[in-house]
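Contents: one structure, followed by commentary.
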There are 2 protein chains.
Amino acid sequence: MTKSHSECAAGPDELAAAIKDYRQLVDAELDRFLQAADTPPAQIHRAMRYSVFSGGKRLRPVLVLMSCEMCGGDTALAMPAACAMEMIHTYSLIHDDLPAMDNDDFRRGNPTCHKAFGEATAILAGDALLTLAFELLAKETPNCKTLVAEIAGAAGTAGMIGGQVADIVSEGLPPDADLVRFIHERKTAALIRQSVRTGAITAGAAPHDLAALTNYGEKIGLAYQIADDILDIEGSTQQLGKTAGKDVESGKQTYPAAFGLEASHRKAAELAKEAKEYLAPFGDKARNLRALADFIVARES
Amino acid sequence: MTKSHSECAAGPDELAAAIKDYRQLVDAELDRFLQAADTPPAQIHRAMRYSVFSGGKRLRPVLVLMSCEMCGGDTALAMPAACAMEMIHTYSLIHDDLPAMDNDDFRRGNPTCHKAFGEATAILAGDALLTLAFELLAKETPNCKTLVAEIAGAAGTAGMIGGQVADIVSEGLPPDADLVRFIHERKTAALIRQSVRTGAITAGAAPHDLAALTNYGEKIGLAYQIADDILDIEGSTQQLGKTAGKDVESGKQTYPAAFGLEASHRKAAELAKEAKEYLAPFGDKARNLRALADFIVARES
């Protein structure tokens with residue numbers, strides 16, 4: 001007898017343990033792939049390491065590895081791509097935090113890169129992490145051509161950068177439902193969806209499995225950003241490790257601004273549910289990815 | 001009877017005509033590879049096009065194509081990589097010009113990207129050009145794995161970014177010969193050498209030809225930066241299209257500061273001569289590359 005989907009999700013402790021294990025592996029590989037902090041010019045390598053090792057959740061590399069494992073792939077082969085996704089994510093945070101962009105002084109409870117190293121080094125550290133991500137994909141992954149093309153597409157103006165531009169130019173405009181969707185799909189969902197795809201591609205997933213996982217990634221990516229919008233309102237600065245309430249203050253296009261808080265909570269839960277439906281064909285193998293969809297909505301930082 | 005090397009160089013008019021032809025081809029392909037200016041979010045695509053089409057010399061793509069052609073390759077196959085090199089060069093200029101970096105208001109006679117579009121868009125336009133360069137290499141070139149790995153290496157902290165960091169952190173220090181070499185080899189020579197290699201690799205050049213061309217690229221790259229340092233002192237703002245005399249004002253580590261103007265002229269000429277010596281095995285096929293080495297030293301902007 002087939003279990004219902006909800007029964008096939010890992011419990012919170014099981015998920016936490018799996019994430020912790022993956023994080024440790026990812027951190028060890030990031031340490032290996034990043035140049036030593038004293039390699040000249042040391043300033044840039046220190047700044048890159050500072051931002052990469054400032055306590056991120058490692059959601060994107062964890063998604064790469066979980067997706068790869070679920071598709072029967074060798075997670076060791078997916079590790080360089082997992083690290084590349086984290087480098088791209090970190091570069092985007094460093095640049096987003098700059099005075100000319102969101103002007104944030106704190107990130108994950110620590111001074112942002114430009115606060116710790118100055119603006120010039122922060123800009124270059126972001127550039128360097130993006131560049132290193134592609135070097136890593138080319139040198140260390142088996143599917144260089146597909147992965148570089150897809151990841152660059154997801155990180156470029158049709159994806160993450162496009163979302164960030166739209167986010168900035170629409171600050172202070174009246175909340176607009178279409179605009180919020182445009183921004184969320186690109187700024188956050190594009191890279192999260194691509195993380196899931198990257199793991200599946202490295203595992204050599206069949207086209208219908210890749211398609212299902214792409215839909216799963218899209219849904220949890222949107223859920224993640226809505227949860228982020230909600231946390232900016234309901235969370236404390238201490239809890240978030242970054243300044244709370246900044247979205248409202250800056251007049252950002254957020255889901256709560258466009259639809260209200262209650263509808264935002266409903267929408268995030270609905271997206272997590274839809275995401276899990278796409279995992280049905282994978283049965284018990286999708287225990288972790290199923291639990292992750294719920295975790296993304298329920299997280300407190 | 002073999003002609004002497006000096007006889008085998010293209011004349012100034014022949015070189016100018018060759019560069020003009022290549023530039024037109026490159027500009028047409030850049031136009032094709034860049035998203036249309038009205039693709040949403042339009043702001044970023046307008047900024048990318050503004051900086052790419054602001055009258056650059058296209059030295060790096062011209063080097064890719066000339067090197068490819070000389071090695072008997074199909075220049076059409078090298079065109080995407082040629083455009084990728086120009087995008088990476090343009091991204092580096094946009095970021096270098098930012099207020100937190102060199103703080104330049106003019107580039108190639110026009111307002112710099114951040115002056116025309118604001119700082120946030122300029123940072124993102126740079127990021128987007130770097131990202132698009134790798135997407136292009138992955139999607140459109142036959143040697144994705146080698147080229148992405150090499151180009152990312154040349155553009156990263158062991159190359160261009162490393163040189164830029166060293167350039168910035170050493171502003172105002174006493175002129176230092178070793179430091180000037182460290183900066184020049186990375187900030188400028190790494191990407192110019194890589195352009196020559198990229199063309200040769202696309203053409204499937206033999207290892208000894210690739211090695212000779214790598215040395216040629218290194219020499220003209222260093223000569224180019226010394227000529228740049230000299231122009232900053234001897235050129236006018238109008239002639240350069242950017243503010244003259246900025247290096248001295250900012251206390252930059254330049255060749256003239258470390259060795260004097262006369263020694264700088266001598267060194268640039270010597271590097272061009274050494275560069276041409278590496279072209280000896282290629283005979284008359286190297287006419288254009290030979291002339292280019294002289295052009296780089298003699299250029300007036």
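By order of appearance in the structure tokens: chains A, B, ..., then residues from 1 within every chain, and ligands from 1 in the order shown.
Close contacts of Ala9 of chain B, defined as residues with an atom at most 10 Å away when counting only C-alpha atoms, with chain neighbours fewer than 4 positions off set aside, comprise Ser4, His5, Glu14, Leu15, Lys276, Gly283, Asp284, Lys285, Ala286, Arg287, Asn288, Leu289, Arg290, Ala291, Leu292, Ala293 and Asp294 of chain B.
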Go ahead and write the residues just picked, C-alpha atoms, as a CSV table (one decimal), in the first residue's frame.
```csv
chain,number,residue,atom,x,y,z
B,4,SER,CA,63.1,39.7,-42.2
B,5,HIS,CA,60.5,40.0,-39.6
B,14,GLU,CA,46.5,47.5,-44.0
B,15,LEU,CA,46.3,47.0,-40.3
B,276,LYS,CA,57.2,40.0,-32.6
B,283,GLY,CA,56.1,33.9,-41.2
B,284,ASP,CA,53.9,36.1,-43.4
B,285,LYS,CA,50.7,34.8,-41.8
B,286,ALA,CA,51.6,36.9,-38.7
B,287,ARG,CA,51.6,40.2,-40.7
B,288,ASN,CA,48.6,41.6,-38.8
B,289,LEU,CA,49.7,40.5,-35.3
B,290,ARG,CA,53.1,41.9,-35.9
B,291,ALA,CA,51.7,45.3,-36.9
B,292,LEU,CA,49.4,45.2,-33.9
B,293,ALA,CA,52.3,44.9,-31.5
B,294,ASP,CA,53.7,48.2,-32.9
```
| What are the residues of chain B that have an atom within 6 Å of an atom of chain A, counting only C-alpha atoms, as number ranges by chain? | B: 100-101, 119-120, 128, 131, 135, 138-139, 145, 148-149, 152, 156
| Residue set, segment 92-287 of chain B restricted to alpha helix (DSSP H), as a PyMOL selection string | chain B and resi 92-96+113-117+119-140+144-155+160-169+177-184+190-202+207-234+237-240+246-250+255-259+261-277+287
| request: Using atom CA of Glu249 of chain A and atom CA of Tyr224 of chain A as the two end points, give the distance in Å to one decimal. | output: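 That distance, rounded to one decimal, is 20.9 Å.
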I'm after chain A in the frame of chain B: fit it by least squares over all Cα atoms matched in order, and give me the output as a short mmCIF file (atom, residue, chain, number, x, y, z; two decimals) with C-alpha atoms, in the first residue's frame.
```cif
data_model
loop_
_atom_site.label_atom_id
_atom_site.label_comp_id
_atom_site.auth_asym_id
_atom_site.auth_seq_id
_atom_site.Cartn_x
_atom_site.Cartn_y
_atom_site.Cartn_z
CA MET A 1 64.69 33.83 -49.39
CA THR A 2 62.94 34.52 -46.04
CA LYS A 3 61.97 38.12 -45.43
CA SER A 4 63.13 39.74 -42.18
CA HIS A 5 60.45 40.05 -39.50
CA SER A 6 60.05 43.76 -39.94
CA GLU A 7 59.27 43.25 -43.62
CA CYS A 8 56.52 40.79 -42.76
CA ALA A 9 54.45 43.30 -40.78
CA ALA A 10 51.30 44.76 -42.31
CA GLY A 11 51.57 48.49 -43.04
CA PRO A 12 49.53 50.91 -40.89
CA ASP A 13 46.78 51.25 -43.52
CA GLU A 14 46.55 47.50 -44.04
CA LEU A 15 46.28 46.97 -40.27
CA ALA A 16 43.70 49.75 -39.89
CA ALA A 17 41.59 48.18 -42.64
CA ALA A 18 41.82 44.72 -41.06
CA ILE A 19 40.86 46.09 -37.63
CA LYS A 20 37.96 48.01 -39.13
CA ASP A 21 36.61 44.89 -40.84
CA TYR A 22 36.90 42.80 -37.70
CA ARG A 23 35.32 45.54 -35.59
CA GLN A 24 32.29 45.71 -37.83
CA LEU A 25 31.80 41.96 -37.62
CA VAL A 26 32.26 42.02 -33.84
CA ASP A 27 29.83 44.91 -33.40
CA ALA A 28 27.18 43.12 -35.45
CA GLU A 29 27.58 39.95 -33.34
CA LEU A 30 27.57 41.87 -30.05
CA ASP A 31 24.33 43.48 -31.18
CA ARG A 32 22.92 40.02 -31.83
CA PHE A 33 24.12 38.49 -28.54
CA LEU A 34 22.97 41.31 -26.26
CA GLN A 35 19.29 41.39 -25.34
CA ALA A 36 17.23 44.07 -27.10
CA ALA A 37 17.19 47.41 -25.28
CA ASP A 38 13.44 47.14 -24.61
CA THR A 39 13.51 43.63 -23.08
CA PRO A 40 12.24 43.97 -19.49
CA PRO A 41 13.71 45.09 -17.24
CA ALA A 42 14.77 47.54 -19.96
CA GLN A 43 16.99 49.62 -17.66
CA ILE A 44 19.67 46.92 -17.42
CA HIS A 45 19.70 46.06 -21.11
CA ARG A 46 19.98 49.73 -22.07
CA ALA A 47 22.90 50.15 -19.66
CA MET A 48 24.69 47.05 -21.00
CA ARG A 49 24.31 48.24 -24.59
CA TYR A 50 25.31 51.78 -23.69
CA SER A 51 28.66 50.62 -22.31
CA VAL A 52 29.35 47.96 -24.93
CA PHE A 53 28.62 50.35 -27.81
CA SER A 54 30.45 53.38 -26.51
CA GLY A 55 33.29 53.26 -29.03
CA GLY A 56 35.80 50.76 -27.69
CA LYS A 57 38.77 49.73 -29.82
CA ARG A 58 37.68 46.07 -29.68
CA LEU A 59 41.34 45.10 -29.18
CA ARG A 60 40.51 41.87 -27.34
CA PRO A 61 38.02 40.46 -29.88
CA VAL A 62 40.30 41.55 -32.72
CA LEU A 63 43.12 39.59 -31.07
CA VAL A 64 40.88 36.52 -30.72
CA LEU A 65 39.96 36.65 -34.40
CA MET A 66 43.43 37.46 -35.74
CA SER A 67 44.98 34.73 -33.65
CA CYS A 68 42.34 32.22 -34.78
CA GLU A 69 42.77 33.15 -38.43
CA MET A 70 46.54 32.98 -38.25
CA CYS A 71 46.32 29.45 -36.83
CA GLY A 72 44.13 28.42 -39.76
CA GLY A 73 40.87 28.39 -37.79
CA ASP A 74 37.37 29.46 -38.81
CA THR A 75 36.87 32.95 -37.38
CA ALA A 76 33.09 32.45 -37.36
CA LEU A 77 33.58 29.76 -34.69
CA ALA A 78 35.71 32.15 -32.62
CA MET A 79 33.22 35.03 -32.84
CA PRO A 80 31.16 34.16 -29.71
CA ALA A 81 34.35 33.89 -27.65
CA ALA A 82 35.59 37.17 -29.17
CA CYS A 83 32.35 38.85 -28.05
CA ALA A 84 32.63 37.22 -24.62
CA MET A 85 36.12 38.73 -24.14
CA GLU A 86 34.75 42.18 -25.02
CA MET A 87 31.86 41.76 -22.57
CA ILE A 88 34.29 40.82 -19.79
CA HIS A 89 36.49 43.80 -20.67
CA THR A 90 33.46 46.14 -20.67
CA TYR A 91 32.21 44.81 -17.32
CA SER A 92 35.64 45.48 -15.82
CA LEU A 93 35.60 49.07 -17.10
CA ILE A 94 32.08 49.71 -15.71
CA HIS A 95 33.09 48.46 -12.26
CA ASP A 96 36.51 50.20 -12.35
CA ASP A 97 34.83 53.53 -13.09
CA LEU A 98 32.49 53.33 -10.05
CA PRO A 99 32.81 56.00 -7.34
CA ALA A 100 34.11 53.40 -4.87
CA MET A 101 36.84 52.38 -7.33
CA ASP A 102 38.53 54.85 -9.73
CA ASN A 103 35.57 57.29 -9.66
CA ASP A 104 35.69 58.29 -13.33
CA ASP A 105 32.97 60.42 -14.91
CA PHE A 106 34.05 59.89 -18.50
CA ARG A 107 35.05 56.88 -20.56
CA ARG A 108 35.67 56.92 -24.31
CA GLY A 109 34.42 60.52 -24.34
CA ASN A 110 31.00 59.66 -22.88
CA PRO A 111 29.59 59.73 -19.34
CA THR A 112 30.49 56.49 -17.56
CA CYS A 113 27.75 53.91 -16.99
CA HIS A 114 27.02 54.97 -13.41
CA LYS A 115 26.84 58.63 -14.49
CA ALA A 116 24.31 57.75 -17.19
CA PHE A 117 22.27 55.09 -15.35
CA GLY A 118 23.05 55.40 -11.64
CA GLU A 119 25.35 53.29 -9.49
CA ALA A 120 23.00 50.38 -8.78
CA THR A 121 22.28 49.77 -12.45
CA ALA A 122 25.97 50.13 -13.33
CA ILE A 123 26.99 47.50 -10.78
CA LEU A 124 24.31 45.13 -12.10
CA ALA A 125 25.13 45.88 -15.75
CA GLY A 126 28.73 44.85 -15.06
CA ASP A 127 27.55 41.69 -13.29
CA ALA A 128 25.22 40.93 -16.20
CA LEU A 129 27.91 41.32 -18.87
CA LEU A 130 30.22 38.97 -16.98
CA THR A 131 27.40 36.44 -16.62
CA LEU A 132 26.37 36.75 -20.27
CA ALA A 133 29.97 36.20 -21.39
CA PHE A 134 29.99 32.78 -19.75
CA GLU A 135 26.53 31.92 -21.07
CA LEU A 136 27.77 32.73 -24.56
CA LEU A 137 30.92 30.64 -24.16
CA ALA A 138 28.85 27.67 -22.99
CA LYS A 139 26.15 27.95 -25.62
CA GLU A 140 28.06 29.03 -28.70
CA THR A 141 31.65 27.86 -28.60
CA PRO A 142 33.03 24.43 -29.44
CA ASN A 143 35.58 24.35 -26.58
CA CYS A 144 33.38 25.35 -23.65
CA LYS A 145 35.24 23.45 -20.96
CA THR A 146 38.73 24.74 -21.81
CA LEU A 147 37.64 28.26 -22.65
CA VAL A 148 35.42 28.85 -19.61
CA ALA A 149 38.12 27.48 -17.30
CA GLU A 150 40.91 29.56 -18.88
CA ILE A 151 38.91 32.76 -19.31
CA ALA A 152 37.51 32.60 -15.77
CA GLY A 153 41.07 32.03 -14.55
CA ALA A 154 42.36 35.05 -16.48
CA ALA A 155 39.48 37.24 -15.28
CA GLY A 156 39.57 36.11 -11.62
CA THR A 157 41.74 36.86 -8.61
CA ALA A 158 44.80 35.20 -10.19
CA GLY A 159 44.33 37.56 -13.14
CA MET A 160 42.34 40.71 -13.84
CA ILE A 161 40.49 41.07 -10.53
CA GLY A 162 43.70 40.36 -8.60
CA GLY A 163 45.43 43.15 -10.55
CA GLN A 164 42.60 45.54 -9.89
CA VAL A 165 42.64 44.82 -6.15
CA ALA A 166 46.40 45.32 -5.99
CA ASP A 167 46.03 48.52 -8.02
CA ILE A 168 43.51 49.94 -5.55
CA VAL A 169 45.13 48.87 -2.28
CA SER A 170 48.53 50.19 -3.36
CA GLU A 171 47.34 53.67 -4.31
CA GLY A 172 49.51 56.29 -2.66
CA LEU A 173 52.30 53.90 -1.72
CA PRO A 174 55.82 54.79 -2.92
CA PRO A 175 56.37 53.55 -6.51
CA ASP A 176 57.57 49.96 -6.38
CA ALA A 177 58.92 48.09 -9.41
CA ASP A 178 57.78 44.63 -8.26
CA LEU A 179 54.33 45.90 -7.42
CA VAL A 180 53.96 47.59 -10.82
CA ARG A 181 54.83 44.32 -12.55
CA PHE A 182 52.41 42.35 -10.33
CA ILE A 183 49.60 44.77 -11.20
CA HIS A 184 50.35 45.06 -14.93
CA GLU A 185 50.67 41.32 -15.49
CA ARG A 186 47.24 40.78 -13.96
CA LYS A 187 45.14 43.91 -14.51
CA THR A 188 45.74 44.14 -18.25
CA ALA A 189 48.07 41.48 -19.62
CA ALA A 190 46.09 38.47 -18.33
CA LEU A 191 43.01 39.21 -20.44
CA ILE A 192 44.98 40.30 -23.52
CA ARG A 193 47.10 37.16 -23.39
CA GLN A 194 43.94 35.12 -22.90
CA SER A 195 42.37 36.74 -25.98
CA VAL A 196 45.28 35.53 -28.11
CA ARG A 197 45.08 32.06 -26.54
CA THR A 198 41.31 31.90 -27.03
CA GLY A 199 41.65 32.42 -30.79
CA ALA A 200 44.44 29.86 -31.05
CA ILE A 201 42.57 27.27 -28.98
CA THR A 202 39.42 27.68 -31.07
CA ALA A 203 41.56 27.08 -34.16
CA GLY A 204 42.99 23.93 -32.60
CA ALA A 205 46.56 25.30 -32.62
CA ALA A 206 49.44 22.91 -31.94
CA PRO A 207 50.94 23.18 -28.43
CA HIS A 208 54.16 24.91 -29.57
CA ASP A 209 52.18 27.47 -31.56
CA LEU A 210 49.89 28.07 -28.58
CA ALA A 211 52.94 28.54 -26.36
CA ALA A 212 54.51 31.05 -28.75
CA LEU A 213 51.27 32.99 -29.03
CA THR A 214 50.85 32.98 -25.26
CA ASN A 215 54.26 34.67 -24.94
CA TYR A 216 53.31 37.13 -27.67
CA GLY A 217 50.07 37.94 -25.82
CA GLU A 218 51.87 38.42 -22.52
CA LYS A 219 54.36 40.87 -24.07
CA ILE A 220 51.80 42.99 -25.92
CA GLY A 221 49.60 42.97 -22.82
CA LEU A 222 52.37 44.48 -20.73
CA ALA A 223 53.29 46.90 -23.55
CA TYR A 224 49.64 47.97 -23.73
CA GLN A 225 49.49 48.88 -20.05
CA ILE A 226 52.81 50.75 -20.13
CA ALA A 227 51.55 52.69 -23.18
CA ASP A 228 48.40 53.41 -21.17
CA ASP A 229 50.46 54.71 -18.25
CA ILE A 230 52.44 56.92 -20.64
CA LEU A 231 49.29 58.24 -22.32
CA ASP A 232 47.86 59.22 -18.94
CA ILE A 233 50.82 61.59 -18.61
CA GLU A 234 51.42 62.68 -22.21
CA GLY A 235 47.88 62.55 -23.61
CA SER A 236 45.09 65.11 -23.31
CA THR A 237 41.67 64.40 -21.84
CA GLN A 238 40.10 65.06 -25.23
CA GLN A 239 42.43 62.66 -26.98
CA LEU A 240 41.93 59.90 -24.41
CA GLY A 241 38.17 60.30 -23.94
CA LYS A 242 38.81 59.99 -20.22
CA THR A 243 40.37 62.26 -17.62
CA ALA A 244 44.12 62.55 -18.27
CA GLY A 245 46.63 62.78 -15.43
CA LYS A 246 44.48 60.73 -13.05
CA ASP A 247 47.17 58.14 -12.32
CA VAL A 248 49.59 60.70 -10.94
CA GLU A 249 46.85 62.48 -9.01
CA SER A 250 45.68 59.22 -7.39
CA GLY A 251 49.21 58.02 -6.64
CA LYS A 252 48.79 54.92 -8.83
CA GLN A 253 51.53 52.33 -9.24
CA THR A 254 52.53 52.99 -12.85
CA TYR A 255 55.55 52.17 -14.96
CA PRO A 256 56.53 55.85 -15.40
CA ALA A 257 56.21 56.42 -11.64
CA ALA A 258 58.51 53.49 -10.90
CA PHE A 259 60.99 53.83 -13.77
CA GLY A 260 60.53 57.29 -15.35
CA LEU A 261 59.01 58.28 -18.69
CA GLU A 262 62.03 57.65 -20.86
CA ALA A 263 62.57 54.15 -19.52
CA SER A 264 58.85 53.50 -20.00
CA HIS A 265 58.99 54.39 -23.68
CA ARG A 266 62.05 52.16 -24.08
CA LYS A 267 60.42 49.28 -22.21
CA ALA A 268 57.21 49.44 -24.28
CA ALA A 269 59.19 49.36 -27.53
CA GLU A 270 61.32 46.50 -26.22
CA LEU A 271 58.23 44.47 -25.27
CA ALA A 272 56.74 45.01 -28.75
CA LYS A 273 60.01 43.80 -30.28
CA GLU A 274 60.09 40.71 -28.05
CA ALA A 275 56.43 40.03 -28.85
CA LYS A 276 57.21 40.04 -32.56
CA GLU A 277 60.11 37.64 -32.09
CA TYR A 278 57.65 35.03 -30.85
CA LEU A 279 55.82 35.36 -34.16
CA ALA A 280 58.87 34.36 -36.24
CA PRO A 281 57.70 30.75 -36.80
CA PHE A 282 54.46 31.98 -38.39
CA GLY A 283 56.16 33.89 -41.22
CA ASP A 284 53.96 36.08 -43.37
CA LYS A 285 50.73 34.78 -41.78
CA ALA A 286 51.58 36.90 -38.73
CA ARG A 287 51.59 40.20 -40.67
CA ASN A 288 48.63 41.62 -38.75
CA LEU A 289 49.66 40.46 -35.28
CA ARG A 290 53.14 41.89 -35.91
CA ALA A 291 51.73 45.25 -36.92
CA LEU A 292 49.38 45.16 -33.93
CA ALA A 293 52.31 44.91 -31.52
CA ASP A 294 53.70 48.16 -32.94
CA PHE A 295 50.28 49.79 -33.03
CA ILE A 296 49.72 49.08 -29.33
CA VAL A 297 52.86 51.00 -28.39
CA ALA A 298 52.36 53.86 -30.86
CA ARG A 299 48.61 54.40 -30.31
CA GLU A 300 47.39 57.82 -29.26
CA SER A 301 44.25 56.84 -27.31
#
```
| task | Extract the full set of strand (DSSP E) residues from segment 100-296 of chain A according to DSSP on the backbone, and format it as a list in words. | result |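 DSSP on the backbone gives strand (DSSP E) at Phe106, Arg107, Asn110 and Pro111 of chain A.
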